[in-house]
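Notes to accompany the following structure.
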Amino acid sequence: MKEPIDTLDQHEEFDQMGEAHAGSSELTPIKSDAFELSDDEKIEHIEHHFAKIMDILGLDLTDDSLKGTPRRVAKMYVKEVFNGLNPANRPEARTFNNNYDYSDVVIEKNIQVNSFCEHHFLPFIGKAHVAYISKGKVIGLSKINRLVDYYSRRPQVQERLTLQIADAISDAMNTEDVAVYIDSKHLCVSMRGIKDHASSTITSEFRGAFRDKDTQQKFIDFIRTPSE
């Protein structure tokens with residue numbers, strides 16, 4: 001049975017959005033009732049539906065190697081790779097007084113990014129580099145890493161991830177002087193479609209003092225400097 005033409009057109013539109021890696025907004029699209037189910041309830045539902053997917057693909061779920069896969073995938077989705085969807089998991093971004101009056105750029109570079117493209121549910125993996133200039137407060141360096149990790153652990157678009165990290169650091173530090181730079185490889189580019197294994201995607205957000213070309217260039221120079 002053929003699909004109605006409007007449905008086919010809509011599918012094509014959605015496919016084009018996915019190929020273009022276009023996002024809908026800076027906010028992650030989350031339903032209003034997203035947290036009515038407990039984590040254990042979500043795991044039960046996902047396990048059931050993922051088993052259906054495997055069955056439709058023709059896999060034998062009675063095989064010892066496969067029978068536990070739906071449960072493993074469900075737990076991985078809820079407890080690990082997508083636990084950044086739940087605001088309850090957001091790390092506390094504690095700040096401290098800048099008692100030593102340090103006024104130059106603070107950079108945390110080579111922060112691991114492990115996220116999932118929301119269009120194909122395939123990983124994108126890379127590095128984030130984050131900088132700020134203090135307006136009287138400093139933040140524990142590990143907190144920057146934790147914020148990057150939190151916003152990465154959800155179905156994402158890299159552009160949105162970049163903005164969400166910038167917003168989080170800016171809000172925590174009460175400063176507009178923030179820079180975020182992400183360089184990552186998308187498996188939805190290397191494993192399907194064009195199957196390009198060499199390319200990477202770079203996104204950046206420069207705010208406040210980092211819009212100044214000299215300050216921006218200092219940041220770029222620092223993140224390009226090899227670490228020991």
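All residue names refer to the structure tokens as shown: chains lettered A, B, ... in order, residues numbered from 1 in each chain, ligands numbered from 1 in order.
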**Message:** Set the distance at 9 Å and use only C-alpha atoms: which residues neighbour stretch 159-175 of chain A once local chain neighbours fewer than 6 positions away are removed? I'd like the list as a PyMOL selection string.
**Reply:** chain A and resi 22-23+25-28+93-95+128+130-139+144+147-148+151-152+181-182+202-208
**Request:** Do a neighbour search on stretch 45-48 of chain A at 6 Å with only C-alpha atoms, toss out local chain neighbours closer than 2 positions, and write the hits as number ranges by chain.
**Result:** A: 42-43, 50-51, 70-71, 74
Mind writing the picked residues with N, CA and C atoms as a tab-separated table (two decimals), in the first residue's frame?
```tsv
chain	number	residue	atom	x	y	z
A	42	LYS	N	11.12	3.38	32.98
A	42	LYS	CA	11.61	3.67	31.63
A	42	LYS	C	12.44	2.50	31.08
A	43	ILE	N	13.26	1.92	31.93
A	43	ILE	CA	14.08	0.78	31.51
A	43	ILE	C	13.20	-0.37	31.06
A	50	PHE	N	12.80	-2.27	22.53
A	50	PHE	CA	14.04	-2.58	21.81
A	50	PHE	C	14.07	-4.06	21.42
A	51	ALA	N	13.50	-4.91	22.26
A	51	ALA	CA	13.39	-6.32	21.89
A	51	ALA	C	12.54	-6.47	20.63
A	70	PRO	N	18.40	-6.30	24.97
A	70	PRO	CA	17.40	-5.25	25.20
A	70	PRO	C	17.51	-4.61	26.58
A	71	ARG	N	17.77	-5.40	27.60
A	71	ARG	CA	17.92	-4.85	28.95
A	71	ARG	C	19.18	-4.00	29.06
A	74	ALA	N	18.59	-0.69	27.31
A	74	ALA	CA	17.68	0.15	28.08
A	74	ALA	C	18.40	0.80	29.26
```
Wanna dump the stretch 8-116 of chain A-stretch 214-222 of chain A contacts at 12 Å for me, each residue with its shortest atom pair and the distance in Å to one decimal, counting only C-alpha atoms, ordered by chain and number, as a tab-separated table?
```
residue	atom	partner	partner_atom	distance
A:Asp104	CA	A:Thr215	CA	9.9
A:Val105	CA	A:Phe219	CA	7.9
A:Val106	CA	A:Phe219	CA	9.2
A:Ile107	CA	A:Phe219	CA	7.7
A:Glu108	CA	A:Phe222	CA	10.0
A:Lys109	CA	A:Phe222	CA	8.7
A:Asn110	CA	A:Phe222	CA	11.1
```
Export of the given selection (C-alpha atoms) as a PDB file, in the first residue's frame:
```pdb
ATOM      1  CA  ASP A 104      43.216  36.815  32.682  1.00  0.00           C
ATOM      2  CA  VAL A 105      41.698  33.973  30.681  1.00  0.00           C
ATOM      3  CA  VAL A 106      41.023  30.607  32.354  1.00  0.00           C
ATOM      4  CA  ILE A 107      40.883  27.729  29.888  1.00  0.00           C
ATOM      5  CA  GLU A 108      39.917  24.091  30.402  1.00  0.00           C
ATOM      6  CA  LYS A 109      40.815  22.313  27.182  1.00  0.00           C
ATOM      7  CA  ASN A 110      40.598  18.812  25.705  1.00  0.00           C
TER       8      ASN A 110
END
```
**Message:** DSSP on the backbone, helix (DSSP H, G or I) only: what residues of chain A does that give? Format it as a ChimeraX atom specification.
**Reply:** /A:5-19,39-57,69-81,83-85,87-89,141-152,158-173,187-190,208-211,213-224
Written file, previous selection with C-alpha atoms, as a CSV table (one decimal), in the first residue's frame:
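As a result, result08.csv now contains:
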```
chain,number,residue,atom,x,y,z
A,5,ILE,CA,1.9,11.9,-1.0
A,6,ASP,CA,1.8,14.4,1.9
A,7,THR,CA,3.3,11.7,4.2
A,8,LEU,CA,6.1,11.0,1.7
A,9,ASP,CA,6.8,14.7,1.4
A,10,GLN,CA,7.0,15.0,5.2
A,11,HIS,CA,9.4,12.0,5.4
A,12,GLU,CA,11.6,13.7,2.8
A,13,GLU,CA,11.5,17.0,4.8
A,14,PHE,CA,12.5,15.1,8.0
A,15,ASP,CA,15.3,13.3,6.2
A,16,GLN,CA,16.7,16.6,4.8
A,17,MET,CA,16.7,18.1,8.3
A,18,GLY,CA,18.6,15.1,9.6
A,19,GLU,CA,21.1,15.2,6.8
A,39,ASP,CA,14.1,5.3,35.7
A,40,ASP,CA,13.2,1.7,36.4
A,41,GLU,CA,9.9,2.1,34.6
A,42,LYS,CA,11.6,3.7,31.6
A,43,ILE,CA,14.1,0.8,31.5
A,44,GLU,CA,11.2,-1.7,31.5
A,45,HIS,CA,9.5,0.1,28.6
A,46,ILE,CA,12.6,0.6,26.5
A,47,GLU,CA,13.7,-3.1,27.1
A,48,HIS,CA,10.3,-4.2,25.7
A,49,HIS,CA,10.4,-2.0,22.6
A,50,PHE,CA,14.0,-2.6,21.8
A,51,ALA,CA,13.4,-6.3,21.9
A,52,LYS,CA,10.6,-5.7,19.3
A,53,ILE,CA,13.1,-3.8,17.1
A,54,MET,CA,15.6,-6.6,17.3
A,55,ASP,CA,12.9,-9.2,16.5
A,56,ILE,CA,11.7,-7.2,13.5
A,57,LEU,CA,15.3,-7.1,12.3
A,69,THR,CA,20.8,-7.0,24.9
A,70,PRO,CA,17.4,-5.3,25.2
A,71,ARG,CA,17.9,-4.9,28.9
A,72,ARG,CA,21.5,-3.7,28.5
A,73,VAL,CA,20.5,-1.1,25.9
A,74,ALA,CA,17.7,0.2,28.1
A,75,LYS,CA,19.9,0.6,31.1
A,76,MET,CA,22.6,2.2,29.0
A,77,TYR,CA,20.1,4.7,27.6
A,78,VAL,CA,18.5,5.7,30.9
A,79,LYS,CA,21.5,5.5,33.3
A,80,GLU,CA,24.4,6.4,31.1
A,81,VAL,CA,24.4,7.9,27.6
A,83,ASN,CA,21.1,10.7,31.7
A,84,GLY,CA,21.7,14.3,30.9
A,85,LEU,CA,18.1,14.6,29.9
A,87,PRO,CA,17.7,17.9,35.4
A,88,ALA,CA,18.1,16.0,38.6
A,89,ASN,CA,21.5,14.8,37.2
A,141,LEU,CA,37.9,23.1,37.0
A,142,SER,CA,36.3,19.7,37.3
A,143,LYS,CA,32.9,21.4,37.4
A,144,ILE,CA,33.5,22.6,33.8
A,145,ASN,CA,34.2,19.0,32.7
A,146,ARG,CA,31.0,17.8,34.5
A,147,LEU,CA,28.8,20.4,32.8
A,148,VAL,CA,30.2,19.5,29.4
A,149,ASP,CA,29.5,15.9,30.2
A,150,TYR,CA,26.0,16.6,31.4
A,151,TYR,CA,24.9,18.4,28.3
A,152,SER,CA,26.6,15.9,26.1
A,158,GLN,CA,26.5,19.9,18.2
A,159,GLU,CA,25.5,23.6,17.7
A,160,ARG,CA,23.0,23.3,20.5
A,161,LEU,CA,25.5,21.6,22.7
A,162,THR,CA,27.9,24.4,22.2
A,163,LEU,CA,25.3,27.0,23.2
A,164,GLN,CA,24.1,25.1,26.2
A,165,ILE,CA,27.6,24.8,27.6
A,166,ALA,CA,28.2,28.5,27.0
A,167,ASP,CA,24.9,29.3,28.8
A,168,ALA,CA,25.8,27.1,31.8
A,169,ILE,CA,29.2,28.6,32.3
A,170,SER,CA,27.9,32.1,31.8
A,171,ASP,CA,25.1,31.6,34.3
A,172,ALA,CA,27.4,29.9,36.9
A,173,MET,CA,30.1,32.6,36.6
A,187,LEU,CA,29.5,8.5,13.2
A,188,CYS,CA,26.3,9.4,11.3
A,189,VAL,CA,28.7,10.9,8.7
A,190,SER,CA,31.4,8.2,8.8
A,208,GLY,CA,31.7,39.2,25.8
A,209,ALA,CA,35.5,39.8,25.8
A,210,PHE,CA,36.0,36.8,23.5
A,211,ARG,CA,34.4,38.7,20.6
A,213,LYS,CA,39.8,39.4,17.9
A,214,ASP,CA,43.0,39.5,20.1
A,215,THR,CA,41.4,37.8,23.0
A,216,GLN,CA,39.7,35.3,20.7
A,217,GLN,CA,43.0,34.6,19.0
A,218,LYS,CA,44.7,34.1,22.4
A,219,PHE,CA,42.1,31.4,23.2
A,220,ILE,CA,42.7,29.7,19.9
A,221,ASP,CA,46.4,29.8,20.3
A,222,PHE,CA,46.2,28.3,23.8
A,223,ILE,CA,43.9,25.4,22.8
A,224,ARG,CA,46.2,24.6,19.8
```
**Asked** Just how far from atom CA of A:Leu122 is atom CA of A:Arg154, in Å to one decimal?
**Response**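 About the pair atom CA of A:Arg154 and atom CA of A:Leu122: they are 11.5 Å apart.
Across the model, the gap from atom CA of A:Gly126 to atom CA of A:Pro226 is 16.1 Å.
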**Request:** List the neighbours of stretch 117-119 of chain A out to 7 Å using only C-alpha atoms; skip same-chain residues closer than 5 positions along the sequence, and give me the result as a list in words.
**Result:** Gly18, Phe124, Pro155, Gln156 and Val157 of chain A
Generate a file of the selected residues that holds N, CA and C atoms, formatted as a compact mmCIF listing (two decimals), in the first residue's frame.
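Produced file result_18.txt, reproduced below:
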```txt
# COMPACT_ATOMS: atom_id res chain seq x y z
N GLY A 18 17.59 15.95 8.97
CA GLY A 18 18.59 15.09 9.58
C GLY A 18 19.92 15.14 8.87
N PHE A 124 28.57 11.01 18.43
CA PHE A 124 29.63 11.89 17.97
C PHE A 124 30.57 12.13 19.14
N PRO A 155 20.43 13.10 23.49
CA PRO A 155 20.43 13.26 22.03
C PRO A 155 20.66 14.73 21.70
N GLN A 156 21.63 15.01 20.83
CA GLN A 156 22.08 16.38 20.68
C GLN A 156 22.31 16.77 19.22
N VAL A 157 22.39 18.06 19.03
CA VAL A 157 22.96 18.69 17.84
C VAL A 157 24.17 19.45 18.34
```
**Prompt:** Residues of stretch 14-202 of chain A in strand (DSSP E) according to DSSP, as a PyMOL selection string?
**Reply:** chain A and resi 95-97+105-117+123-133+137-139+155-156+178-186+201-202
